[in-house]
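> Sharing a structure here in structure tokens format.
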Amino acid sequence: MSIFKTSLLSLASVLLIADATSALAATEADYKTALSAAEAANKEAAGLRNQWTVTAAAIAAAKKAAEAGDFDKAVASSNEAEALAKASIFQATNEKTLWKDMEIR
Amino acid sequence: MNLRSEIRLALAALALAALAFAPMQTAVAADTVDPVADAKAFKKFFTDKFPKVKLEDFVNGPYSMNEDMHRQWEEKEQFPPYEFSLDMGKEMFSKPFKNGKSYEDCFPNKGIGIRQNYPYFEEKEGKVVTLELALNRCREANGEPPFSYVRDEMAALTAYMAFTSRGKPFDIKIPNDPRALEAYQKGKEYFYTRRGQLNFSCATCHVQSPGERIRAEVLAPALGILNAMPIYRSEWNGMGTTSRRFTTCNSQIRGVPLAPQDDEYRDLEYYLSYVSNGLPISGPGARP
């Protein structure tokens, strides 16, 4: 392989890596969108009287990370909170009928 | 068609009809609210599961499940850790409010020997009223601020009232009012519903696993579990009310607790107390 080809390949690799890195770095807007989704799901769980403590903890962690300017972490925690809130909604919805399976008769 | 064929056809039709109706009857039975049958089945479940435990001994929670623990409890009862709370409750109960009235004025029989009748269904309000709630309502009606439902003052007052009812069987009534039946049913639903990230219901610990250990604790059976309230818990290093027990259970399974005395908790207390009807009040109690 010629020096020219090797240099081109290296340059392309650097550009690709740089591009991938910039795509991964979350912004404040990303965080706000993710947090908003998490809070909406957690509000729905509250309406079902079935919030989880870990959801609240993940939301708090997201806010703390955002205050520190770490939006990658803030988005990750927000996404985790949303997933947990959705799981609590799933649980509450299913338990509306499933509780009867456990009943002493 | 001969007679034999006709009989066969008739029997087949009957069997088909029976098959068609059977699931419907089961479904109706499952949805029918029958507290008397529930309480009977509840007691049978626990007495079958623990044939050596006397019915009235279930009120002693984990101490009824294990002979060594029972001995420890008997020794502990000689110098009970809830005694300070009992003394405080007695003093608080007799001390007049600023307006000159006292708790005695808010309760039947001046509040003595009545714990076994709480919670009750208040028909005017259409809701369940627990003893803790009635105590705070008494305070507010007499111009006093309400106590926290999870702190020492409420524990002390209920400890004293429970003590004056010791040995009296739980006597919870469900009046002929569809709202009372609905409250009972909602309490039952809450008891069996899984919640929190750990996916536990009250029944997971107190029906499926009484007598088993969860970490260092021996789980109490649901039958008679409220008869000993309030309790001194070594784990808490202090007294705990029924409200404290419910909210702590919820947070332990990583569920956000509701506010003490929210409707769900009142209904839960109504259900759990009703199915323990006939078992003696043993509060205040002590637990590891």
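By convention in this document, the chains of the structure tokens carry letters A, B, ... by their order, each chain's residues are numbered from 1, and ligands are numbered from 1 in the order they are shown.
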What are the closest atom pairs, with distances in Å to one decimal, for all residues of chain A lying within 8 Å of chain B? Consider only C-alpha atoms, order rows by chain and residue number, and present the result as CSV.

residue,atom,partner,partner_atom,distance
A:Arg49,CA,B:Leu258,CA,7.6
A:Asn50,CA,B:Arg195,CA,6.6
A:Gln51,CA,B:Val256,CA,5.4
A:Trp52,CA,B:Gly255,CA,4.3
A:Thr53,CA,B:Arg254,CA,5.1
A:Val54,CA,B:Arg254,CA,6.6
A:Ser88,CA,B:Gly196,CA,7.3
A:Gln91,CA,B:Arg195,CA,7.1
A:Ala92,CA,B:Arg195,CA,7.2
A:Glu95,CA,B:Thr193,CA,6.0
A:Lys96,CA,B:Thr193,CA,7.7
A:Leu98,CA,B:Thr193,CA,7.7
A:Trp99,CA,B:Thr193,CA,4.9
A:Lys100,CA,B:Tyr192,CA,7.2
A:Met102,CA,B:Tyr192,CA,6.2
A:Glu103,CA,B:Tyr192,CA,6.5
A:Ile104,CA,B:Phe42,CA,6.2
A:Arg105,CA,B:Ala41,CA,5.6
> Take the selection from the previous step and output its residues with C-alpha atoms, as a short mmCIF file (atom, residue, chain, number, x, y, z; two decimals), in the first residue's frame.

data_model
loop_
_atom_site.label_atom_id
_atom_site.label_comp_id
_atom_site.auth_asym_id
_atom_site.auth_seq_id
_atom_site.Cartn_x
_atom_site.Cartn_y
_atom_site.Cartn_z
CA ARG A 49 -50.53 5.01 42.36
CA ASN A 50 -47.47 2.97 41.52
CA GLN A 51 -44.32 5.03 41.33
CA TRP A 52 -40.99 3.38 42.04
CA THR A 53 -38.34 4.91 44.28
CA VAL A 54 -35.64 4.00 41.74
CA SER A 88 -43.99 0.46 36.78
CA GLN A 91 -46.77 -3.65 36.36
CA ALA A 92 -49.73 -1.58 37.58
CA GLU A 95 -51.80 -6.25 38.26
CA LYS A 96 -55.31 -4.89 37.78
CA LEU A 98 -53.28 -10.55 38.02
CA TRP A 99 -53.67 -9.83 41.76
CA LYS A 100 -56.53 -12.32 41.84
CA MET A 102 -52.55 -14.68 44.49
CA GLU A 103 -55.77 -14.47 46.49
CA ILE A 104 -56.50 -17.02 49.21
CA ARG A 105 -59.82 -18.64 48.34
#
> Would you pick out the contacts of segment 233-246 of chain B at 7 Å or less, using only C-alpha atoms, so that residues sharing its chain but fewer than 3 positions from it are not included, and give the list as a JSON list (two decimals) with N, CA and C atoms, in the first residue's frame?

[["chain", "number", "residue", "atom", "x", "y", "z"],
["B", 149, "TYR", "N", -48.52, 10.70, 61.52],
["B", 149, "TYR", "CA", -49.03, 9.32, 61.62],
["B", 149, "TYR", "C", -47.92, 8.29, 61.84],
["B", 150, "VAL", "N", -46.70, 8.71, 61.68],
["B", 150, "VAL", "CA", -45.62, 7.73, 61.75],
["B", 150, "VAL", "C", -44.66, 7.99, 62.92],
["B", 152, "ASP", "N", -43.74, 9.08, 67.23],
["B", 152, "ASP", "CA", -43.92, 8.51, 68.56],
["B", 152, "ASP", "C", -45.24, 8.86, 69.25],
["B", 155, "ALA", "N", -47.99, 6.70, 68.03],
["B", 155, "ALA", "CA", -47.72, 5.34, 68.48],
["B", 155, "ALA", "C", -48.09, 5.19, 69.96],
["B", 229, "MET", "N", -50.52, -4.16, 66.72],
["B", 229, "MET", "CA", -50.09, -2.78, 66.46],
["B", 229, "MET", "C", -50.57, -1.84, 67.57],
["B", 230, "PRO", "N", -49.79, -0.80, 67.89],
["B", 230, "PRO", "CA", -48.49, -0.47, 67.32],
["B", 230, "PRO", "C", -47.41, -1.37, 67.91],
["B", 249, "CYS", "N", -43.13, -0.78, 54.44],
["B", 249, "CYS", "CA", -43.22, -1.97, 53.57],
["B", 249, "CYS", "C", -43.12, -1.55, 52.10],
["B", 250, "ASN", "N", -43.83, -0.50, 51.76],
["B", 250, "ASN", "CA", -43.81, -0.03, 50.37],
["B", 250, "ASN", "C", -42.42, 0.43, 49.95],
["B", 260, "PRO", "N", -49.62, 8.60, 54.46],
["B", 260, "PRO", "CA", -50.32, 7.86, 55.50],
["B", 260, "PRO", "C", -51.80, 8.25, 55.54],
["B", 261, "GLN", "N", -52.64, 7.26, 55.73],
["B", 261, "GLN", "CA", -54.09, 7.44, 55.81],
["B", 261, "GLN", "C", -54.72, 7.82, 54.46],
["B", 286, "ALA", "N", -44.04, -6.14, 70.38],
["B", 286, "ALA", "CA", -42.60, -5.93, 70.16],
["B", 286, "ALA", "C", -42.15, -6.90, 69.07],
["B", 287, "ARG", "N", -41.33, -6.42, 68.21],
["B", 287, "ARG", "CA", -40.83, -7.25, 67.10],
["B", 287, "ARG", "C", -39.33, -7.04, 66.95],
["B", 288, "PRO", "N", -38.65, -8.03, 66.37],
["B", 288, "PRO", "CA", -37.18, -7.88, 66.24],
["B", 288, "PRO", "C", -36.80, -6.68, 65.39]]
> For segment 169-176 of chain B, please output as a PyMOL selection string all residues within 8 Å (counting only C-alpha atoms; exclusion window: fewer than 3 positions along the same chain).
chain B and resi 116-121+180-181+227+270+273-274+276-281
> Output as a list in words all residues of segment 4-187 of chain B that backbone DSSP marks as strand (DSSP E).
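Residues of segment 4-187 of chain B classed as strand (DSSP E): Tyr120, Phe121, Glu122, Lys127, Val128 and Val129 of chain B.
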> With a distance cut-off of 12 Å and only C-alpha atoms, select the neighbouring residues of Phe163 of chain B, excluding the residue or stretch itself and same-chain residues fewer than 6 positions from it, and output the selection as number ranges by chain.
B: 82-83, 85-87, 89-90, 111-116, 155-157, 227-231, 280-285
> Between B:Pro51, B:Glu75, B:Glu144, B:Tyr265, which one has atoms that come closest to Glu132 of chain B, using only C-alpha atoms?
B:Tyr265
> In segment 5-246 of chain B, what's alpha helix (DSSP H) per DSSP? Answer as a PyMOL selection string?
chain B and resi 5-31+35-49+67-76+83-94+131-141+152-163+178-192+202-206+242-246
> Near segment 57-68 of chain B, counting only C-alpha atoms, which residues have an atom at most 7 Å away, once you skip same-chain residues fewer than 2 positions from it, shown as a ChimeraX atom specification?
/B:53-55,70-73,211,218-221,223-225,227-228,282
> Counting only C-alpha atoms, what is within 12 Å of segment 26-41 of chain A, bar same-chain residues fewer than 6 positions away, as a ChimeraX atom specification?
/A:20,47-48,50-52,55-90
> Write the residues of the preceding selection, restricted to C-alpha atoms, as a PDB file, in the first residue's frame.

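Saved result, again_11.pdb, follows:
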ATOM      1  CA  ALA A  20     -19.022   9.217  15.707  1.00  0.00           C
ATOM      2  CA  GLY A  47     -51.786   8.377  38.393  1.00  0.00           C
ATOM      3  CA  LEU A  48     -51.768   4.605  38.755  1.00  0.00           C
ATOM      4  CA  ASN A  50     -47.466   2.965  41.522  1.00  0.00           C
ATOM      5  CA  GLN A  51     -44.317   5.033  41.328  1.00  0.00           C
ATOM      6  CA  TRP A  52     -40.985   3.379  42.044  1.00  0.00           C
ATOM      7  CA  THR A  55     -37.370   6.110  39.077  1.00  0.00           C
ATOM      8  CA  ALA A  56     -37.206   9.164  41.327  1.00  0.00           C
ATOM      9  CA  ALA A  57     -33.552   8.373  42.073  1.00  0.00           C
ATOM     10  CA  ALA A  58     -32.717   8.147  38.345  1.00  0.00           C
ATOM     11  CA  ILE A  59     -34.462  11.471  37.670  1.00  0.00           C
ATOM     12  CA  ALA A  60     -32.527  13.090  40.517  1.00  0.00           C
ATOM     13  CA  ALA A  61     -29.278  11.653  39.113  1.00  0.00           C
ATOM     14  CA  ALA A  62     -30.125  13.055  35.666  1.00  0.00           C
ATOM     15  CA  LYS A  63     -30.716  16.541  37.082  1.00  0.00           C
ATOM     16  CA  LYS A  64     -27.497  16.401  39.083  1.00  0.00           C
ATOM     17  CA  ALA A  65     -25.487  15.361  36.019  1.00  0.00           C
ATOM     18  CA  ALA A  66     -27.079  18.134  33.936  1.00  0.00           C
ATOM     19  CA  GLU A  67     -26.194  20.724  36.578  1.00  0.00           C
ATOM     20  CA  ALA A  68     -22.603  19.521  36.355  1.00  0.00           C
ATOM     21  CA  GLY A  69     -22.740  19.878  32.576  1.00  0.00           C
ATOM     22  CA  ASP A  70     -22.453  16.147  31.912  1.00  0.00           C
ATOM     23  CA  PHE A  71     -25.277  15.787  29.396  1.00  0.00           C
ATOM     24  CA  ASP A  72     -24.245  12.301  28.286  1.00  0.00           C
ATOM     25  CA  LYS A  73     -24.785  11.061  31.804  1.00  0.00           C
ATOM     26  CA  ALA A  74     -27.908  13.203  32.201  1.00  0.00           C
ATOM     27  CA  VAL A  75     -29.471  11.673  29.084  1.00  0.00           C
ATOM     28  CA  ALA A  76     -28.483   8.143  30.150  1.00  0.00           C
ATOM     29  CA  SER A  77     -30.064   8.622  33.592  1.00  0.00           C
ATOM     30  CA  SER A  78     -33.183  10.169  32.045  1.00  0.00           C
ATOM     31  CA  ASN A  79     -33.522   7.204  29.694  1.00  0.00           C
ATOM     32  CA  GLU A  80     -33.101   4.835  32.616  1.00  0.00           C
ATOM     33  CA  ALA A  81     -35.787   6.722  34.550  1.00  0.00           C
ATOM     34  CA  GLU A  82     -38.153   6.530  31.597  1.00  0.00           C
ATOM     35  CA  ALA A  83     -37.597   2.776  31.258  1.00  0.00           C
ATOM     36  CA  LEU A  84     -38.221   2.272  34.986  1.00  0.00           C
ATOM     37  CA  ALA A  85     -41.371   4.395  34.920  1.00  0.00           C
ATOM     38  CA  LYS A  86     -42.684   2.451  31.935  1.00  0.00           C
ATOM     39  CA  ALA A  87     -41.998  -0.801  33.788  1.00  0.00           C
ATOM     40  CA  SER A  88     -43.987   0.462  36.780  1.00  0.00           C
ATOM     41  CA  ILE A  89     -46.878   1.384  34.451  1.00  0.00           C
ATOM     42  CA  PHE A  90     -46.723  -2.084  32.895  1.00  0.00           C
TER      43      PHE A  90
END
